[in-house]
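J.: Next comes the structure file run_9.tsv, holding TSV, C-alpha atoms.
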chain	number	residue	atom	x	y	z
F	1	MET	CA	-134.83	-14.82	-8.60
F	2	SER	CA	-136.74	-12.60	-6.17
F	3	PHE	CA	-139.51	-13.95	-3.98
F	4	SER	CA	-142.14	-11.90	-5.82
F	5	GLN	CA	-141.37	-13.78	-9.02
F	6	ILE	CA	-142.70	-17.02	-7.55
F	7	VAL	CA	-145.83	-15.38	-6.11
F	8	PRO	CA	-148.93	-15.76	-8.33
F	9	GLU	CA	-149.72	-12.58	-10.23
F	10	HIS	CA	-153.16	-12.14	-8.68
F	11	ILE	CA	-151.60	-12.19	-5.20
F	12	GLN	CA	-149.02	-9.59	-6.18
F	13	HIS	CA	-151.81	-7.17	-7.05
F	14	ILE	CA	-153.59	-7.47	-3.68
F	15	PRO	CA	-152.83	-4.61	-1.25
F	16	PRO	CA	-151.50	-5.96	2.08
F	17	TYR	CA	-154.27	-5.93	4.66
F	18	LYS	CA	-153.48	-3.96	7.77
F	19	SER	CA	-155.94	-2.85	10.41
F	20	GLU	CA	-156.63	0.80	9.71
F	21	ASN	CA	-155.61	3.19	12.49
F	22	PRO	CA	-155.35	0.81	15.46
F	23	ALA	CA	-155.98	2.74	18.68
F	24	GLU	CA	-152.61	1.92	20.21
F	25	GLN	CA	-150.74	3.22	17.16
F	26	VAL	CA	-152.76	6.46	17.07
F	27	GLU	CA	-152.24	7.02	20.79
F	28	ARG	CA	-148.47	6.64	20.35
F	29	LYS	CA	-148.55	9.17	17.53
F	30	LEU	CA	-150.74	11.75	19.26
F	31	GLY	CA	-149.55	11.15	22.81
F	32	VAL	CA	-153.11	11.23	24.15
F	33	PRO	CA	-155.89	8.64	24.66
F	34	VAL	CA	-158.10	8.23	21.60
F	35	VAL	CA	-161.79	7.54	21.16
F	36	GLN	CA	-162.10	4.28	19.25
F	37	LEU	CA	-165.34	4.28	17.24
F	38	GLY	CA	-164.04	2.46	14.19
F	39	MET	CA	-164.20	-1.25	15.02
F	40	ASN	CA	-167.82	-1.95	16.02
F	41	GLU	CA	-166.69	-3.38	19.35
F	42	ASN	CA	-168.78	-3.46	22.52
F	43	PRO	CA	-167.74	-0.22	24.30
F	44	PHE	CA	-169.15	-1.57	27.55
F	45	GLY	CA	-166.66	-4.44	27.49
F	46	PRO	CA	-167.06	-8.16	28.08
F	47	SER	CA	-169.01	-9.81	30.84
F	48	PRO	CA	-167.05	-9.73	34.12
F	49	LYS	CA	-167.90	-13.43	34.37
F	50	ALA	CA	-166.11	-14.04	31.06
F	51	VAL	CA	-163.04	-12.16	32.29
F	52	GLN	CA	-163.07	-14.17	35.52
F	53	ALA	CA	-163.37	-17.46	33.64
F	54	ALA	CA	-160.49	-16.53	31.32
F	55	ARG	CA	-158.23	-15.59	34.22
F	56	ALA	CA	-159.03	-18.78	36.10
F	57	PHE	CA	-158.11	-20.89	33.07
F	58	LEU	CA	-154.69	-19.35	32.45
F	59	GLU	CA	-152.94	-21.95	34.60
F	60	LYS	CA	-154.28	-24.68	32.29
F	61	ILE	CA	-152.97	-23.44	28.94
F	62	ALA	CA	-150.06	-25.88	28.51
F	63	PRO	CA	-152.15	-28.50	26.65
F	64	TYR	CA	-153.56	-27.90	23.19
F	65	PRO	CA	-157.19	-26.74	23.21
F	66	ASP	CA	-160.21	-28.98	22.78
F	67	ASP	CA	-160.17	-29.18	19.01
F	68	SER	CA	-163.95	-29.64	18.79
F	69	ALA	CA	-164.96	-26.93	21.30
F	70	TYR	CA	-167.20	-29.65	22.73
F	71	PHE	CA	-168.67	-27.78	25.69
F	72	LEU	CA	-169.35	-24.59	23.77
F	73	ARG	CA	-170.99	-26.48	20.91
F	74	GLN	CA	-173.03	-28.41	23.47
F	75	ARG	CA	-174.29	-25.18	25.04
F	76	LEU	CA	-175.10	-23.63	21.66
F	77	ALA	CA	-176.85	-26.77	20.42
F	78	SER	CA	-178.99	-26.90	23.55
F	79	HIS	CA	-179.99	-23.25	23.19
F	80	TYR	CA	-180.84	-23.45	19.48
F	81	LYS	CA	-182.36	-26.95	19.76
F	82	ILE	CA	-180.14	-28.36	17.03
F	83	SER	CA	-177.53	-31.11	16.81
F	84	MET	CA	-173.92	-30.51	17.81
F	85	ASP	CA	-173.07	-31.82	14.34
F	86	GLU	CA	-174.67	-28.68	12.92
F	87	ILE	CA	-172.20	-26.33	14.65
F	88	ILE	CA	-168.58	-25.43	14.03
F	89	VAL	CA	-166.55	-23.14	16.31
F	90	SER	CA	-163.47	-21.30	15.12
F	91	SER	CA	-161.25	-18.26	15.69
F	92	GLY	CA	-163.85	-15.73	14.61
F	93	SER	CA	-166.67	-16.12	12.12
F	94	SER	CA	-164.41	-14.71	9.38
F	95	ASP	CA	-162.24	-17.82	9.77
F	96	ILE	CA	-165.27	-20.00	9.05
F	97	LEU	CA	-166.05	-17.81	6.06
F	98	ALA	CA	-162.53	-18.44	4.78
F	99	MET	CA	-163.08	-22.19	5.15
F	100	THR	CA	-166.24	-21.84	3.08
F	101	TYR	CA	-164.41	-20.11	0.22
F	102	ASP	CA	-161.65	-22.76	0.39
F	103	ALA	CA	-164.17	-25.61	0.30
F	104	LEU	CA	-166.01	-24.26	-2.75
F	105	HIS	CA	-163.04	-22.86	-4.65
F	106	SER	CA	-162.70	-24.49	-8.07
F	107	PRO	CA	-161.90	-23.34	-11.62
F	108	GLY	CA	-164.57	-20.92	-12.76
F	109	ALA	CA	-166.40	-20.77	-9.41
F	110	GLU	CA	-167.93	-17.38	-8.59
F	111	VAL	CA	-168.97	-15.49	-5.46
F	112	LEU	CA	-172.01	-13.22	-5.51
F	113	THR	CA	-172.51	-10.39	-3.01
F	114	GLY	CA	-173.35	-6.68	-2.83
F	115	GLU	CA	-171.22	-3.63	-3.62
F	116	ALA	CA	-171.16	-2.18	-0.11
F	117	SER	CA	-170.67	-4.89	2.46
F	118	PHE	CA	-168.03	-6.51	4.69
F	119	VAL	CA	-164.61	-6.11	3.08
F	120	VAL	CA	-163.59	-9.70	3.90
F	121	PHE	CA	-166.21	-10.96	1.42
F	122	TYR	CA	-164.15	-9.38	-1.37
F	123	GLN	CA	-160.70	-10.11	0.06
F	124	LEU	CA	-161.26	-13.85	0.25
F	125	ALA	CA	-162.31	-13.98	-3.40
F	126	GLU	CA	-159.24	-11.99	-4.41
F	127	ILE	CA	-156.89	-14.27	-2.45
F	128	LEU	CA	-158.27	-17.37	-4.16
F	129	ASN	CA	-158.65	-15.65	-7.54
F	130	MET	CA	-162.33	-16.52	-7.57
F	131	GLY	CA	-164.74	-14.65	-9.79
F	132	LEU	CA	-166.48	-11.93	-7.79
F	133	VAL	CA	-169.86	-10.53	-8.83
F	134	ARG	CA	-171.03	-7.43	-6.94
F	135	THR	CA	-174.53	-6.08	-7.40
F	136	PRO	CA	-175.47	-2.46	-6.61
F	137	MET	CA	-177.17	-1.80	-3.30
F	138	LYS	CA	-180.76	-0.55	-3.16
F	139	GLU	CA	-181.26	2.19	-0.56
F	140	TYR	CA	-178.12	0.96	1.21
F	141	ALA	CA	-179.46	-2.61	1.40
F	142	PHE	CA	-178.94	-5.80	-0.59
F	143	ASP	CA	-181.12	-5.92	-3.70
F	144	LEU	CA	-182.04	-9.59	-3.58
F	145	GLU	CA	-184.17	-9.44	-6.73
F	146	ALA	CA	-181.20	-8.16	-8.70
F	147	MET	CA	-178.89	-10.69	-7.05
F	148	ALA	CA	-181.18	-13.59	-7.93
F	149	GLU	CA	-180.93	-12.56	-11.58
F	150	ARG	CA	-177.12	-12.66	-11.40
F	151	ILE	CA	-176.93	-16.29	-10.24
F	152	THR	CA	-175.48	-18.54	-12.94
F	153	SER	CA	-174.20	-22.08	-13.23
F	154	LYS	CA	-170.82	-20.73	-12.03
F	155	THR	CA	-172.17	-19.26	-8.80
F	156	ARG	CA	-171.11	-21.27	-5.77
F	157	LEU	CA	-171.45	-18.74	-2.95
F	158	VAL	CA	-173.92	-15.98	-2.19
F	159	VAL	CA	-172.67	-13.96	0.77
F	160	LEU	CA	-175.06	-11.67	2.67
F	161	ALA	CA	-174.48	-9.74	5.89
F	162	ASN	CA	-177.66	-9.37	7.91
F	163	PRO	CA	-177.50	-6.76	9.42
F	164	ASN	CA	-175.19	-5.42	6.76
F	165	ASN	CA	-171.84	-3.85	7.59
F	166	PRO	CA	-171.29	-0.90	6.95
F	167	THR	CA	-174.86	0.21	6.22
F	168	GLY	CA	-176.72	-1.27	9.21
F	169	THR	CA	-179.68	-2.35	7.06
F	170	ILE	CA	-181.43	-5.71	7.30
F	171	ILE	CA	-183.03	-8.20	4.93
F	172	GLY	CA	-186.61	-8.97	5.96
F	173	ARG	CA	-188.11	-12.43	6.22
F	174	ALA	CA	-190.44	-12.12	3.22
F	175	GLU	CA	-187.64	-10.85	0.98
F	176	LEU	CA	-185.22	-13.56	2.10
F	177	ASP	CA	-187.83	-16.30	1.73
F	178	LYS	CA	-188.45	-15.20	-1.85
F	179	PHE	CA	-184.73	-15.23	-2.60
F	180	MET	CA	-184.17	-18.63	-0.97
F	181	ASN	CA	-186.95	-20.11	-3.10
F	182	LYS	CA	-185.10	-18.93	-6.21
F	183	ALA	CA	-181.60	-20.00	-5.11
F	184	PRO	CA	-180.57	-23.24	-6.85
F	185	ASP	CA	-179.11	-26.20	-4.97
F	186	HIS	CA	-175.62	-25.63	-6.39
F	187	VAL	CA	-175.34	-22.35	-4.44
F	188	LEU	CA	-174.46	-22.05	-0.74
F	189	VAL	CA	-176.03	-18.98	0.84
F	190	VAL	CA	-173.93	-17.55	3.67
F	191	LEU	CA	-175.78	-15.33	6.15
F	192	ASP	CA	-173.26	-13.37	8.19
F	193	GLU	CA	-175.19	-12.41	11.34
F	194	ALA	CA	-172.40	-10.87	13.41
F	195	TYR	CA	-174.78	-8.19	14.73
F	196	PHE	CA	-178.03	-10.13	14.97
F	197	GLU	CA	-178.33	-9.74	18.77
F	198	TYR	CA	-178.83	-6.01	18.27
F	199	VAL	CA	-181.81	-6.39	15.91
F	200	ASN	CA	-185.21	-5.40	17.27
F	201	ASP	CA	-187.42	-5.72	14.21
F	202	PRO	CA	-190.27	-8.25	13.85
F	203	SER	CA	-189.53	-8.69	10.13
F	204	TYR	CA	-186.01	-10.01	10.84
F	205	PRO	CA	-185.80	-13.66	9.75
F	206	ASN	CA	-184.79	-16.60	11.89
F	207	ALA	CA	-182.02	-17.91	9.65
F	208	LEU	CA	-181.93	-21.24	11.48
F	209	ASP	CA	-185.31	-22.08	9.96
F	210	TYR	CA	-183.53	-22.51	6.62
F	211	VAL	CA	-180.98	-24.84	8.20
F	212	ARG	CA	-183.73	-26.88	9.83
F	213	ALA	CA	-185.43	-27.13	6.44
F	214	GLY	CA	-182.23	-28.62	4.98
F	215	LYS	CA	-181.47	-25.63	2.74
F	216	PRO	CA	-177.86	-25.03	1.62
F	217	VAL	CA	-177.36	-22.20	4.11
F	218	LEU	CA	-174.50	-21.35	6.48
F	219	VAL	CA	-175.27	-18.97	9.36
F	220	LEU	CA	-172.29	-17.16	10.90
F	221	ARG	CA	-172.35	-15.61	14.38
F	222	THR	CA	-169.66	-14.26	16.66
F	223	PHE	CA	-168.58	-13.45	20.20
F	224	SER	CA	-166.71	-10.36	18.97
F	225	LYS	CA	-169.59	-7.88	19.01
F	226	VAL	CA	-172.26	-7.87	21.72
F	227	PHE	CA	-170.31	-10.36	23.86
F	228	GLY	CA	-167.23	-8.10	23.84
F	229	LEU	CA	-164.64	-10.80	23.12
F	230	ALA	CA	-163.13	-9.44	19.89
F	231	GLY	CA	-159.60	-9.75	21.28
F	232	LEU	CA	-160.00	-13.48	21.83
F	233	ARG	CA	-161.23	-14.23	18.28
F	234	ILE	CA	-164.04	-16.76	18.56
F	235	GLY	CA	-167.16	-17.32	16.50
F	236	TYR	CA	-169.35	-20.12	15.22
F	237	GLY	CA	-171.24	-21.35	12.20
F	238	ILE	CA	-174.50	-23.29	11.94
F	239	SER	CA	-175.50	-25.40	8.96
F	240	THR	CA	-176.50	-28.90	7.92
F	241	PRO	CA	-174.26	-31.75	9.13
F	242	GLU	CA	-173.05	-32.31	5.55
F	243	ILE	CA	-171.90	-28.71	5.15
F	244	ILE	CA	-170.30	-28.58	8.62
F	245	GLU	CA	-168.42	-31.82	7.93
F	246	THR	CA	-167.08	-30.32	4.71
F	247	LEU	CA	-165.82	-27.24	6.56
F	248	TYR	CA	-163.92	-29.49	8.97
F	249	LYS	CA	-162.03	-30.88	5.98
F	250	VAL	CA	-160.45	-27.50	5.19
F	251	ARG	CA	-159.96	-25.95	8.63
F	252	MET	CA	-156.66	-25.83	10.51
F	253	ALA	CA	-156.31	-27.99	13.60
F	254	PHE	CA	-156.48	-26.43	17.08
F	255	ASN	CA	-157.66	-23.12	15.65
F	256	THR	CA	-159.73	-21.97	18.65
F	257	ASN	CA	-157.75	-21.39	21.82
F	258	SER	CA	-158.79	-22.71	25.22
F	259	VAL	CA	-159.11	-19.31	26.91
F	260	ALA	CA	-161.45	-18.10	24.19
F	261	GLN	CA	-163.64	-21.18	24.60
F	262	VAL	CA	-164.09	-20.85	28.37
F	263	ALA	CA	-164.61	-17.07	28.12
F	264	ALA	CA	-167.23	-17.56	25.41
F	265	LEU	CA	-169.08	-20.09	27.57
F	266	ALA	CA	-169.18	-17.68	30.50
F	267	ALA	CA	-170.15	-14.75	28.27
F	268	TRP	CA	-172.93	-16.79	26.69
F	269	ASP	CA	-174.42	-17.59	30.09
F	270	ASP	CA	-174.40	-13.96	31.24
F	271	ARG	CA	-177.59	-12.94	29.48
F	272	GLU	CA	-178.00	-9.95	31.78
F	273	HIS	CA	-174.79	-8.41	30.44
F	274	VAL	CA	-175.88	-9.06	26.85
F	275	GLN	CA	-179.25	-7.41	27.41
F	276	LYS	CA	-177.64	-4.46	29.16
F	277	SER	CA	-175.24	-3.99	26.23
F	278	VAL	CA	-178.10	-4.14	23.72
F	279	SER	CA	-180.22	-1.66	25.70
F	280	MET	CA	-177.39	0.81	26.14
F	281	ASN	CA	-176.52	0.56	22.46
F	282	ARG	CA	-180.12	1.32	21.53
F	283	ALA	CA	-180.21	4.37	23.79
F	284	GLU	CA	-176.93	5.72	22.41
F	285	LEU	CA	-178.06	5.14	18.83
F	286	GLU	CA	-181.09	7.32	19.49
F	287	PHE	CA	-178.82	9.96	20.99
F	288	LEU	CA	-176.62	9.94	17.88
F	289	TYR	CA	-179.65	10.11	15.60
F	290	HIS	CA	-180.88	13.20	17.44
F	291	GLU	CA	-177.48	14.90	17.39
F	292	LEU	CA	-176.78	14.11	13.75
F	293	SER	CA	-180.18	15.47	12.76
F	294	LYS	CA	-179.43	18.69	14.64
F	295	ARG	CA	-176.34	19.01	12.44
F	296	HIS	CA	-178.41	18.35	9.29
F	297	LEU	CA	-176.48	15.16	8.58
F	298	ARG	CA	-178.40	12.31	6.99
F	299	TYR	CA	-177.91	8.87	8.49
F	300	VAL	CA	-179.18	5.39	7.70
F	301	PRO	CA	-181.27	3.94	10.57
F	302	SER	CA	-179.24	1.06	11.94
F	303	HIS	CA	-180.06	-2.40	13.24
F	304	ALA	CA	-176.54	-2.87	14.59
F	305	ASN	CA	-174.02	-1.11	16.86
F	306	PHE	CA	-172.88	1.47	14.31
F	307	VAL	CA	-174.45	4.08	12.07
F	308	LEU	CA	-173.73	5.09	8.47
F	309	VAL	CA	-173.52	8.87	8.02
F	310	GLU	CA	-173.77	10.65	4.66
F	311	LEU	CA	-171.21	13.45	4.26
F	312	LYS	CA	-171.69	14.71	0.66
F	313	LYS	CA	-167.90	14.88	0.40
F	314	PRO	CA	-165.10	12.30	0.34
F	315	ALA	CA	-165.38	10.45	3.64
F	316	ARG	CA	-161.62	9.99	3.87
F	317	ASP	CA	-161.16	13.75	4.26
F	318	VAL	CA	-163.50	13.83	7.26
F	319	THR	CA	-162.24	10.65	8.94
F	320	SER	CA	-158.63	11.84	8.59
F	321	ALA	CA	-159.53	15.18	10.18
F	322	LEU	CA	-161.32	13.37	13.00
F	323	LEU	CA	-158.25	11.22	13.50
F	324	ASP	CA	-156.20	14.36	14.09
F	325	GLN	CA	-158.71	15.16	16.84
F	326	GLY	CA	-158.14	11.76	18.45
F	327	VAL	CA	-161.37	10.15	17.22
F	328	ILE	CA	-161.25	6.99	15.10
F	329	VAL	CA	-164.13	6.30	12.70
F	330	ARG	CA	-164.08	4.55	9.33
F	331	PRO	CA	-164.82	5.51	5.75
F	332	ALA	CA	-167.61	3.15	4.69
F	333	TRP	CA	-166.58	0.44	2.27
F	334	GLY	CA	-168.47	0.86	-0.98
F	335	CYS	CA	-169.90	4.27	0.03
F	336	PRO	CA	-167.13	6.79	-0.70
F	337	ALA	CA	-169.10	9.77	0.67
F	338	CYS	CA	-170.16	8.02	3.89
F	339	MET	CA	-168.50	7.22	7.19
F	340	ARG	CA	-169.31	4.42	9.59
F	341	VAL	CA	-169.43	5.41	13.25
F	342	SER	CA	-169.49	2.74	15.95
F	343	VAL	CA	-171.83	3.44	18.85
F	344	GLY	CA	-169.76	4.23	21.93
F	345	THR	CA	-170.41	5.10	25.51
F	346	HIS	CA	-172.20	8.39	26.14
F	347	GLU	CA	-168.85	10.06	26.86
F	348	GLN	CA	-167.30	8.68	23.67
F	349	ASN	CA	-170.26	9.78	21.58
F	350	HIS	CA	-170.04	13.29	23.03
F	351	ALA	CA	-166.33	13.38	22.19
F	352	PHE	CA	-167.06	12.29	18.61
F	353	LEU	CA	-169.70	14.98	18.16
F	354	ALA	CA	-167.43	17.69	19.58
F	355	ALA	CA	-164.66	16.64	17.18
F	356	LEU	CA	-167.14	16.47	14.29
F	357	ASP	CA	-168.19	20.06	14.96
F	358	LYS	CA	-164.57	21.12	14.60
F	359	VAL	CA	-163.91	19.40	11.29
F	360	LEU	CA	-167.13	19.99	9.34
Spit out the file's structure as structure tokens when you get a sec.
T.:
Amino acid sequence: MSFSQIVPEHIQHIPPYKSENPAEQVERKLGVPVVQLGMNENPFGPSPKAVQAARAFLEKIAPYPDDSAYFLRQRLASHYKISMDEIIVSSGSSDILAMTYDALHSPGAEVLTGEASFVVFYQLAEILNMGLVRTPMKEYAFDLEAMAERITSKTRLVVLANPNNPTGTIIGRAELDKFMNKAPDHVLVVLDEAYFEYVNDPSYPNALDYVRAGKPVLVLRTFSKVFGLAGLRIGYGISTPEIIETLYKVRMAFNTNSVAQVAALAAWDDREHVQKSVSMNRAELEFLYHELSKRHLRYVPSHANFVLVELKKPARDVTSALLDQGVIVRPAWGCPACMRVSVGTHEQNHAFLAALDKVL
């Protein structure tokens, strides 16, 4: 008997997930440095204070990490004026999302989300063989009215990215309030806010208000984006104590390493670096808007650190051609004629535009 014969059929049909075009692999192939604009990382790097804290802690890595991330949760709770019991820290917010699917997985349970959002939303449902309901987007954004109509007695999770990846659009407060008033108690609404620090729009909701009101809501945030700690894998979730306690029941022990915890603490305290990263991102977004318009390319105004570009042709053709030029960008999930371009440094953005001129 081969191993595949004992693997459940639904798992056999899932394509293996591999990071698409990692920079190191492309550099080995091309023999030259590449411009990485495909991962939505902070191109300005982490806070020097976070790097210093991580280095200083390396002599203390023999013991297992603090399993509760006590000091980081304490700092977050103080900032948000909530209880430490309302916070869970883990190895990236996607890990907490996986816990959520595990906790609510049961025969017949369904997940509801949009057609063009974060690929992990779909992968987790496939892994657990959960029913997945995807509603069409409306002008590249979640159509919450349509989603509310798709909620049934089987729905257990509604997963929304705000801002959305890969489109960069946001859900406004009035729209989200209306949706939350319709969402029944048997549904947990997950608000993935990986990019919320970049948002500069007065209509953007404060998702913690729903938690404070006792709503069945889980807010996910991360240190991978504006804080520049993607390589250390650390994020956190905020919800009611009952929901957080449930997530602890399905998480793996010691899943957030010590170095990540101390680096995250130092990065959190360096607000100057965060604000500098946000400001530079905003300036470079405007530069890309201007340059894309000059090339008569339509883009979707973004509230994050990337921009969705319409190509009117298969995006894979363009991103593959850019890859040959040493520039990594991504076809946009759910938008086959669009590519997602991370905002880089000014030099990286110039390199992207020069390569784009060659391939279009």
J.: Between F:Val274, F:Leu208, F:Val158, F:Val327, which has the minimum distance to Asp185 (chain F) (counting all atoms listed in the file)?
T.: F:Val158
J.: Choose the residue, out of F:Leu229, F:Met280, F:Ile61, F:Ile14, that has the smallest atom-to-atom separation from Tyr122 (chain F); count all atoms listed in the file.
T.: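 Of the candidates, the smallest distance to Tyr122 (chain F) is held by F:Ile14.
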J.: Neighbours of region 277-279 of chain F within 10 Å (all atoms listed in the file; same-chain residues fewer than 3 positions away dropped), as a ChimeraX atom specification?
T.: /F:42-47,197-200,225-228,271-274,282-285,304-305
J.: F:Ser342, F:Asn206, F:Gln261, F:Gln325: which is nearest Gln74 (chain F), counting all atoms listed in the file?
T.: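 Smallest separation from Gln74 (chain F) among the options: F:Gln261.
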J.: Have a look at CA of Arg73 (chain F) and CA of Leu157 (chain F) and let me know their distance in Å, one decimal.
T.: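 So the answer is 25.1 Å.
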J.: Counting all atoms listed in the file, what is within 12 Å of Leu292 (chain F), bar same-chain residues fewer than 4 positions away, as a ChimeraX atom specification?
T.: /F:285-288,296-301,307-311,341,349-350,352-354,356-357
J.: Residues within 8 Å of Gly334 (chain F), please, as a list in words. Count all atoms listed in the file; anything in the same chain fewer than 6 positions from it doesn't count.
T.: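 Final neighbour list, sorted by chain and number: Glu115, Ala116 and Ser117 of chain F.
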J.: Work out how far CA of Val211 (chain F) is from CA of Ala69 (chain F), in Å to one decimal.
T.: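 It comes out at 20.8 Å.
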J.: Which distance in Å separates CA of Asp102 (chain F) and CA of Glu245 (chain F), to one decimal?
T.: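 CA of Asp102 (chain F) sits 13.6 Å away from CA of Glu245 (chain F).
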J.: Using all atoms listed in the file, which residue out of F:Ala264, F:Phe71, F:Val119, F:Leu160 lies closest to Ser19 (chain F)?
T.: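 Ranking F:Ala264, F:Phe71, F:Val119, F:Leu160 by distance to Ser19 (chain F), first place goes to F:Val119.
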J.: Smallest atom-to-atom distance to Thr240 (chain F): which of F:Pro184, F:Gly214, F:Pro163, F:Pro314, using only C-alpha atoms?
T.: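 Closest residue, counting only C-alpha atoms: F:Gly214.
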J.: Can you pull out the residues contacting region 27-30 of chain F? Cut-off 10 Å, using all atoms listed in the file, and skip same-chain residues under 6 positions away; I want them as a VMD selection string.
T.: chain F and resid 21 323 to 326
J.: Those residues with C-alpha atoms, as a PDB file, keeping the file's coordinate frame please?
T.:
ATOM      1  CA  ASN F  21    -155.610   3.190  12.490  1.00  0.00           C
ATOM      2  CA  LEU F 323    -158.250  11.220  13.500  1.00  0.00           C
ATOM      3  CA  ASP F 324    -156.200  14.360  14.090  1.00  0.00           C
ATOM      4  CA  GLN F 325    -158.710  15.160  16.840  1.00  0.00           C
ATOM      5  CA  GLY F 326    -158.140  11.760  18.450  1.00  0.00           C
TER       6      GLY F 326
END
J.: Using all atoms listed in the file for the distances, tell me which of F:Ala109, F:Trp268, F:Pro15, F:Pro336 is nearest to Ala50 (chain F).
T.: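 With all atoms listed in the file as the atom set, the closest residue is F:Trp268.
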J.: Would you list the contacts of Leu188 (chain F) as a PyMOL selection string, taking every protein, DNA or RNA residue within 12 Å and counting all atoms listed in the file, but skipping same-chain residues closer than 4 positions in sequence?
T.: chain F and resi 97+100-101+103-104+109-112+151+154-160+180+183-184+210-211+214-219+239-240+243
J.: Once 4 Å is added on each side, what are the centre and the three edge lengths, in Å to one decimal, of the axis-aligned box enclosing the listed atoms of region 42-53 of chain F? Present them as JSON.
T.:
{"center_x": -166.1, "center_y": -8.8, "center_z": 29.0, "size_x": 14.1, "size_y": 25.2, "size_z": 21.0}
J.: Around (-169.2, -5.0, 7.8) in the file's own coordinates, what residues are found within 8 Å if you use only C-alpha atoms, given back as a compact mmCIF listing (two decimals) with C-alpha atoms, in the coordinates of the input?
T.:
# COMPACT_ATOMS: atom_id res chain seq x y z
CA SER F 117 -170.67 -4.89 2.46
CA PHE F 118 -168.03 -6.51 4.69
CA VAL F 119 -164.61 -6.11 3.08
CA ALA F 161 -174.48 -9.74 5.89
CA ASN F 164 -175.19 -5.42 6.76
CA ASN F 165 -171.84 -3.85 7.59
CA PRO F 166 -171.29 -0.90 6.95
CA THR F 167 -174.86 0.21 6.22
